[in-house]
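Structure below is start-v2.pdb: PDB, C-alpha atoms and all ligand atoms.
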```pdb
MODEL        1
ATOM      1  CA  MET A   1     -14.489  57.766-110.100  1.00  0.00           C
ATOM      2  CA  LYS A   2     -14.444  61.441-111.120  1.00  0.00           C
ATOM      3  CA  GLU A   3     -18.130  61.753-110.264  1.00  0.00           C
ATOM      4  CA  ILE A   4     -17.430  60.597-106.718  1.00  0.00           C
ATOM      5  CA  LEU A   5     -14.611  63.118-106.406  1.00  0.00           C
ATOM      6  CA  TYR A   6     -16.820  65.971-107.611  1.00  0.00           C
ATOM      7  CA  THR A   7     -19.626  64.869-105.318  1.00  0.00           C
ATOM      8  CA  LEU A   8     -17.281  64.807-102.312  1.00  0.00           C
ATOM      9  CA  ILE A   9     -15.813  68.221-103.138  1.00  0.00           C
ATOM     10  CA  PHE A  10     -19.302  69.637-103.610  1.00  0.00           C
ATOM     11  CA  THR A  11     -20.410  68.116-100.300  1.00  0.00           C
ATOM     12  CA  ALA A  12     -17.379  69.558 -98.490  1.00  0.00           C
ATOM     13  CA  ILE A  13     -18.034  73.045 -99.893  1.00  0.00           C
ATOM     14  CA  LEU A  14     -21.726  72.776 -99.062  1.00  0.00           C
ATOM     15  CA  LEU A  15     -21.014  71.672 -95.473  1.00  0.00           C
ATOM     16  CA  ALA A  16     -18.427  74.402 -94.996  1.00  0.00           C
ATOM     17  CA  GLY A  17     -21.076  76.848 -96.180  1.00  0.00           C
ATOM     18  CA  VAL A  18     -23.628  75.424 -93.769  1.00  0.00           C
ATOM     19  CA  TYR A  19     -21.196  75.672 -90.830  1.00  0.00           C
ATOM     20  CA  ALA A  20     -20.166  79.192 -91.796  1.00  0.00           C
ATOM     21  CA  TYR A  21     -23.789  80.262 -92.185  1.00  0.00           C
ATOM     22  CA  ALA A  22     -24.708  78.750 -88.809  1.00  0.00           C
ATOM     23  CA  VAL A  23     -22.020  80.814 -87.057  1.00  0.00           C
ATOM     24  CA  TYR A  24     -22.869  83.937 -89.086  1.00  0.00           C
ATOM     25  CA  ALA A  25     -26.621  83.678 -88.544  1.00  0.00           C
ATOM     26  CA  THR A  26     -26.367  82.988 -84.808  1.00  0.00           C
ATOM     27  CA  SER A  27     -23.736  85.646 -84.086  1.00  0.00           C
ATOM     28  CA  LYS A  28     -25.721  88.246 -86.033  1.00  0.00           C
ATOM     29  CA  GLY A  29     -28.884  87.235 -84.226  1.00  0.00           C
ATOM     30  CA  LEU A  30     -30.666  86.230 -87.443  1.00  0.00           C
ATOM     31  CA  THR A  31     -31.749  82.947 -85.883  1.00  0.00           C
ATOM     32  CA  GLU A  32     -32.520  81.899 -82.327  1.00  0.00           C
ATOM     33  CA  ASP A  33     -29.539  80.503 -80.392  1.00  0.00           C
ATOM     34  CA  GLU A  34     -30.485  80.458 -76.742  1.00  0.00           C
ATOM     35  CA  ASN A  35     -27.747  78.074 -75.609  1.00  0.00           C
ATOM     36  CA  GLN A  36     -25.117  80.112 -77.515  1.00  0.00           C
ATOM     37  CA  ASN A  37     -23.327  77.234 -79.213  1.00  0.00           C
ATOM     38  CA  TYR A  38     -23.470  78.895 -82.648  1.00  0.00           C
ATOM     39  CA  ILE A  39     -25.977  76.350 -83.912  1.00  0.00           C
ATOM     40  CA  PRO A  40     -29.420  77.704 -84.765  1.00  0.00           C
ATOM     41  CA  ASP A  41     -31.768  76.116 -82.217  1.00  0.00           C
ATOM     42  CA  SER A  42     -34.235  75.196 -84.965  1.00  0.00           C
ATOM     43  CA  TRP A  43     -31.519  73.064 -86.605  1.00  0.00           C
ATOM     44  CA  GLU A  44     -30.315  71.488 -83.414  1.00  0.00           C
ATOM     45  CA  LYS A  45     -33.307  69.200 -83.123  1.00  0.00           C
ATOM     46  CA  ASN A  46     -32.618  67.338 -86.365  1.00  0.00           C
ATOM     47  CA  PHE A  47     -29.064  68.209 -87.372  1.00  0.00           C
ATOM     48  CA  LYS A  48     -27.167  68.197 -84.104  1.00  0.00           C
ATOM     49  CA  TRP A  49     -25.132  65.191 -85.300  1.00  0.00           C
ATOM     50  CA  LEU A  50     -23.963  67.235 -88.281  1.00  0.00           C
ATOM     51  CA  PHE A  51     -22.368  69.726 -85.908  1.00  0.00           C
ATOM     52  CA  SER A  52     -21.142  67.385 -83.203  1.00  0.00           C
ATOM     53  CA  GLY A  53     -19.514  65.266 -85.908  1.00  0.00           C
ATOM     54  CA  LYS A  54     -18.127  68.275 -87.774  1.00  0.00           C
ATOM     55  CA  VAL A  55     -14.439  67.478 -87.208  1.00  0.00           C
ATOM     56  CA  ILE A  56     -14.822  63.809 -88.127  1.00  0.00           C
ATOM     57  CA  ILE A  57     -17.017  64.531 -91.169  1.00  0.00           C
ATOM     58  CA  MET A  58     -14.607  67.141 -92.566  1.00  0.00           C
ATOM     59  CA  PHE A  59     -11.623  64.907 -91.782  1.00  0.00           C
ATOM     60  CA  LEU A  60     -13.130  61.931 -93.606  1.00  0.00           C
ATOM     61  CA  LEU A  61     -14.182  64.114 -96.543  1.00  0.00           C
ATOM     62  CA  GLY A  62     -10.688  65.571 -96.772  1.00  0.00           C
ATOM     63  CA  LEU A  63      -9.154  62.121 -96.574  1.00  0.00           C
ATOM     64  CA  ALA A  64     -11.443  60.749 -99.296  1.00  0.00           C
ATOM     65  CA  ILE A  65     -10.878  63.778-101.560  1.00  0.00           C
ATOM     66  CA  GLY A  66      -7.120  63.527-101.068  1.00  0.00           C
ATOM     67  CA  TYR A  67      -7.178  59.825-101.829  1.00  0.00           C
ATOM     68  CA  LEU A  68      -9.268  60.296-104.976  1.00  0.00           C
ATOM     69  CA  LEU A  69      -7.141  63.221-106.168  1.00  0.00           C
ATOM     70  CA  ALA A  70      -4.100  60.989-105.895  1.00  0.00           C
ATOM     71  CA  THR A  71      -5.665  58.107-107.779  1.00  0.00           C
ATOM     72  CA  VAL A  72      -8.018  59.658-110.377  1.00  0.00           C
TER      73      VAL A  72
HETATM   74 CA    CA B   1     -28.107  76.633 -80.298  1.00  0.00          CA
ENDMDL
END
```

Represent the structure from my file as structure tokens, please.
Amino acid sequence: MKEILYTLIFTAILLAGVYAYAVYATSKGLTEDENQNYIPDSWEKNFKWLFSGKVIIMFLLGLAIGYLLATV
């Protein structure tokens, strides 16, 4: 069970980093963002779901981490 908890925490940190980098890179002009939604246009083709589902993904991760922290 601990492995799952660590994996979820790692995933949450990684995703938070990805989201933060996307905003940083687009606002600094490091990557192309023509439609100005703070998602690098090169990522939008394949990873749009990762951003449109951001709230749900982070919510579910938080829920799962909280649940595991309470039980492990
Ligand atoms: Ca974009």

Within 6 Å of ligand CA 1 (chain B), which residues of chain A come that close, and what is the closest atom pair and distance in Å for each? Count all atoms listed in the file and give it as a Markdown table.
```
| residue | atom | partner | partner_atom | distance |
| --- | --- | --- | --- | --- |
| A:Asp33 | CA | B:CA1 | CA | 4.1 |
| A:Glu34 | CA | B:CA1 | CA | 5.7 |
| A:Asn35 | CA | B:CA1 | CA | 4.9 |
| A:Gln36 | CA | B:CA1 | CA | 5.4 |
| A:Asn37 | CA | B:CA1 | CA | 4.9 |
| A:Tyr38 | CA | B:CA1 | CA | 5.7 |
| A:Ile39 | CA | B:CA1 | CA | 4.2 |
| A:Pro40 | CA | B:CA1 | CA | 4.8 |
| A:Asp41 | CA | B:CA1 | CA | 4.2 |
```

Find the axis-aligned box for region 25-40 of chain A, covering all its listed atoms and adding 3 Å on each side, and write its centre and edge lengths in Å to one decimal as JSON.
```
{"center_x": -27.9, "center_y": 82.3, "center_z": -82.1, "size_x": 15.2, "size_y": 17.9, "size_z": 18.9}
```

Could you list the residues chosen by the PyMOL selection byres (((chain A and resi 9-13) around 12) and not hetatm) in this structure as a PDB file with C-alpha atoms, in the coordinates of the input?
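So the final result, stored in result_36.pdb, reads:
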```
ATOM      1  CA  LYS A   2     -14.444  61.441-111.120  1.00  0.00           C
ATOM      2  CA  GLU A   3     -18.130  61.753-110.264  1.00  0.00           C
ATOM      3  CA  ILE A   4     -17.430  60.597-106.718  1.00  0.00           C
ATOM      4  CA  LEU A   5     -14.611  63.118-106.406  1.00  0.00           C
ATOM      5  CA  TYR A   6     -16.820  65.971-107.611  1.00  0.00           C
ATOM      6  CA  THR A   7     -19.626  64.869-105.318  1.00  0.00           C
ATOM      7  CA  LEU A   8     -17.281  64.807-102.312  1.00  0.00           C
ATOM      8  CA  LEU A  14     -21.726  72.776 -99.062  1.00  0.00           C
ATOM      9  CA  LEU A  15     -21.014  71.672 -95.473  1.00  0.00           C
ATOM     10  CA  ALA A  16     -18.427  74.402 -94.996  1.00  0.00           C
ATOM     11  CA  GLY A  17     -21.076  76.848 -96.180  1.00  0.00           C
ATOM     12  CA  VAL A  18     -23.628  75.424 -93.769  1.00  0.00           C
ATOM     13  CA  TYR A  19     -21.196  75.672 -90.830  1.00  0.00           C
ATOM     14  CA  ALA A  20     -20.166  79.192 -91.796  1.00  0.00           C
ATOM     15  CA  LYS A  54     -18.127  68.275 -87.774  1.00  0.00           C
ATOM     16  CA  VAL A  55     -14.439  67.478 -87.208  1.00  0.00           C
ATOM     17  CA  ILE A  57     -17.017  64.531 -91.169  1.00  0.00           C
ATOM     18  CA  MET A  58     -14.607  67.141 -92.566  1.00  0.00           C
ATOM     19  CA  PHE A  59     -11.623  64.907 -91.782  1.00  0.00           C
ATOM     20  CA  LEU A  60     -13.130  61.931 -93.606  1.00  0.00           C
ATOM     21  CA  LEU A  61     -14.182  64.114 -96.543  1.00  0.00           C
ATOM     22  CA  GLY A  62     -10.688  65.571 -96.772  1.00  0.00           C
ATOM     23  CA  LEU A  63      -9.154  62.121 -96.574  1.00  0.00           C
ATOM     24  CA  ALA A  64     -11.443  60.749 -99.296  1.00  0.00           C
ATOM     25  CA  ILE A  65     -10.878  63.778-101.560  1.00  0.00           C
ATOM     26  CA  GLY A  66      -7.120  63.527-101.068  1.00  0.00           C
ATOM     27  CA  LEU A  68      -9.268  60.296-104.976  1.00  0.00           C
ATOM     28  CA  LEU A  69      -7.141  63.221-106.168  1.00  0.00           C
TER      29      LEU A  69
END
```

>> Between CA of Ser42 (chain A) and CA of Lys28 (chain A), what is the distance in Å, rounded to a tenth?
In response: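 Atom-to-atom, CA of Ser42 (chain A) to CA of Lys28 (chain A), that is 15.6 Å.
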
>> Just to confirm, what's the straight-line distance from CA of Glu44 (chain A) to CA of Ile56 (chain A) in Å (one decimal)?
In response: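 Spanning CA of Glu44 (chain A) to CA of Ile56 (chain A) is a straight-line distance of 17.9 Å.
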
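For the atom pair formed by CA of Trp43 (chain A) and CA of Tyr21 (chain A), the distance is 11.9 Å, given to one decimal.
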
>> So, with only C-alpha atoms as the atoms that count, which of A:Gly53, A:Met1, A:Tyr24, A:Phe47 lies closest to Val72 (chain A)?
In response: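 Smallest distance to Val72 (chain A) is found for A:Met1.
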
Using the atoms already present, construct N, CA and C atoms for region 2-35 of chain A and hand them back as an mmCIF file, in the frame of the given file.
```
data_model
loop_
_atom_site.group_PDB
_atom_site.id
_atom_site.type_symbol
_atom_site.label_atom_id
_atom_site.label_comp_id
_atom_site.auth_asym_id
_atom_site.auth_seq_id
_atom_site.Cartn_x
_atom_site.Cartn_y
_atom_site.Cartn_z
ATOM 1 N N LYS A 2 -14.451 59.970 -111.139
ATOM 2 C CA LYS A 2 -14.444 61.441 -111.120
ATOM 3 C C LYS A 2 -15.727 61.990 -110.514
ATOM 4 N N GLU A 3 -16.839 61.290 -110.783
ATOM 5 C CA GLU A 3 -18.130 61.753 -110.264
ATOM 6 C C GLU A 3 -18.119 61.748 -108.742
ATOM 7 N N ILE A 4 -17.513 60.697 -108.182
ATOM 8 C CA ILE A 4 -17.430 60.597 -106.718
ATOM 9 C C ILE A 4 -16.600 61.749 -106.167
ATOM 10 N N LEU A 5 -15.487 62.025 -106.832
ATOM 11 C CA LEU A 5 -14.611 63.118 -106.406
ATOM 12 C C LEU A 5 -15.358 64.447 -106.414
ATOM 13 N N TYR A 6 -16.073 64.723 -107.516
ATOM 14 C CA TYR A 6 -16.820 65.971 -107.611
ATOM 15 C C TYR A 6 -17.915 66.041 -106.553
ATOM 16 N N THR A 7 -18.569 64.910 -106.323
ATOM 17 C CA THR A 7 -19.626 64.869 -105.318
ATOM 18 C C THR A 7 -19.065 65.178 -103.927
ATOM 19 N N LEU A 8 -17.898 64.584 -103.622
ATOM 20 C CA LEU A 8 -17.281 64.807 -102.312
ATOM 21 C C LEU A 8 -16.849 66.259 -102.147
ATOM 22 N N ILE A 9 -16.247 66.819 -103.201
ATOM 23 C CA ILE A 9 -15.813 68.221 -103.138
ATOM 24 C C ILE A 9 -17.019 69.131 -102.958
ATOM 25 N N PHE A 10 -18.074 68.844 -103.728
ATOM 26 C CA PHE A 10 -19.302 69.637 -103.610
ATOM 27 C C PHE A 10 -19.879 69.541 -102.201
ATOM 28 N N THR A 11 -19.889 68.322 -101.654
ATOM 29 C CA THR A 11 -20.410 68.116 -100.300
ATOM 30 C C THR A 11 -19.587 68.892 -99.278
ATOM 31 N N ALA A 12 -18.259 68.863 -99.429
ATOM 32 C CA ALA A 12 -17.379 69.558 -98.490
ATOM 33 C C ALA A 12 -17.634 71.063 -98.527
ATOM 34 N N ILE A 13 -17.780 71.606 -99.749
ATOM 35 C CA ILE A 13 -18.034 73.045 -99.893
ATOM 36 C C ILE A 13 -19.386 73.402 -99.286
ATOM 37 N N LEU A 14 -20.378 72.558 -99.574
ATOM 38 C CA LEU A 14 -21.726 72.776 -99.062
ATOM 39 C C LEU A 14 -21.730 72.770 -97.528
ATOM 40 N N LEU A 15 -21.060 71.782 -96.936
ATOM 41 C CA LEU A 15 -21.014 71.672 -95.473
ATOM 42 C C LEU A 15 -20.280 72.862 -94.862
ATOM 43 N N ALA A 16 -19.175 73.246 -95.488
ATOM 44 C CA ALA A 16 -18.427 74.402 -94.996
ATOM 45 C C ALA A 16 -19.324 75.631 -95.015
ATOM 46 N N GLY A 17 -20.132 75.746 -96.075
ATOM 47 C CA GLY A 17 -21.076 76.848 -96.180
ATOM 48 C C GLY A 17 -22.124 76.802 -95.085
ATOM 49 N N VAL A 18 -22.612 75.606 -94.810
ATOM 50 C CA VAL A 18 -23.628 75.424 -93.769
ATOM 51 C C VAL A 18 -23.057 75.810 -92.403
ATOM 52 N N TYR A 19 -21.835 75.350 -92.109
ATOM 53 C CA TYR A 19 -21.196 75.672 -90.830
ATOM 54 C C TYR A 19 -20.950 77.171 -90.710
ATOM 55 N N ALA A 20 -20.457 77.763 -91.799
ATOM 56 C CA ALA A 20 -20.166 79.192 -91.796
ATOM 57 C C ALA A 20 -21.455 79.985 -91.607
ATOM 58 N N TYR A 21 -22.513 79.549 -92.309
ATOM 59 C CA TYR A 21 -23.789 80.262 -92.185
ATOM 60 C C TYR A 21 -24.349 80.146 -90.777
ATOM 61 N N ALA A 22 -24.193 78.956 -90.163
ATOM 62 C CA ALA A 22 -24.708 78.750 -88.809
ATOM 63 C C ALA A 22 -24.060 79.733 -87.841
ATOM 64 N N VAL A 23 -22.741 79.890 -87.940
ATOM 65 C CA VAL A 23 -22.020 80.814 -87.057
ATOM 66 C C VAL A 23 -22.429 82.258 -87.363
ATOM 67 N N TYR A 24 -22.499 82.580 -88.669
ATOM 68 C CA TYR A 24 -22.869 83.937 -89.086
ATOM 69 C C TYR A 24 -24.269 84.299 -88.601
ATOM 70 N N ALA A 25 -25.224 83.388 -88.862
ATOM 71 C CA ALA A 25 -26.621 83.678 -88.544
ATOM 72 C C ALA A 25 -26.838 83.792 -87.031
ATOM 73 N N THR A 26 -26.166 82.950 -86.259
ATOM 74 C CA THR A 26 -26.367 82.988 -84.808
ATOM 75 C C THR A 26 -25.662 84.188 -84.191
ATOM 76 N N SER A 27 -24.455 84.523 -84.683
ATOM 77 C CA SER A 27 -23.736 85.646 -84.086
ATOM 78 C C SER A 27 -24.365 86.978 -84.466
ATOM 79 N N LYS A 28 -25.041 87.022 -85.614
ATOM 80 C CA LYS A 28 -25.721 88.246 -86.033
ATOM 81 C C LYS A 28 -27.135 88.316 -85.452
ATOM 82 N N GLY A 29 -27.557 87.243 -84.813
ATOM 83 C CA GLY A 29 -28.884 87.235 -84.226
ATOM 84 C C GLY A 29 -29.989 87.020 -85.246
ATOM 85 N N LEU A 30 -29.655 86.476 -86.413
ATOM 86 C CA LEU A 30 -30.666 86.230 -87.443
ATOM 87 C C LEU A 30 -31.548 85.038 -87.085
ATOM 88 N N THR A 31 -30.975 84.091 -86.337
ATOM 89 C CA THR A 31 -31.749 82.947 -85.883
ATOM 90 C C THR A 31 -31.585 82.796 -84.375
ATOM 91 N N GLU A 32 -32.521 82.098 -83.773
ATOM 92 C CA GLU A 32 -32.520 81.899 -82.327
ATOM 93 C C GLU A 32 -31.372 80.965 -81.913
ATOM 94 N N ASP A 33 -30.615 81.364 -80.896
ATOM 95 C CA ASP A 33 -29.539 80.503 -80.392
ATOM 96 C C ASP A 33 -29.427 80.716 -78.890
ATOM 97 N N GLU A 34 -30.388 80.179 -78.174
ATOM 98 C CA GLU A 34 -30.485 80.458 -76.742
ATOM 99 C C GLU A 34 -29.327 79.867 -75.949
ATOM 100 N N ASN A 35 -28.846 78.693 -76.360
ATOM 101 C CA ASN A 35 -27.747 78.074 -75.609
ATOM 102 C C ASN A 35 -26.371 78.507 -76.118
#
```
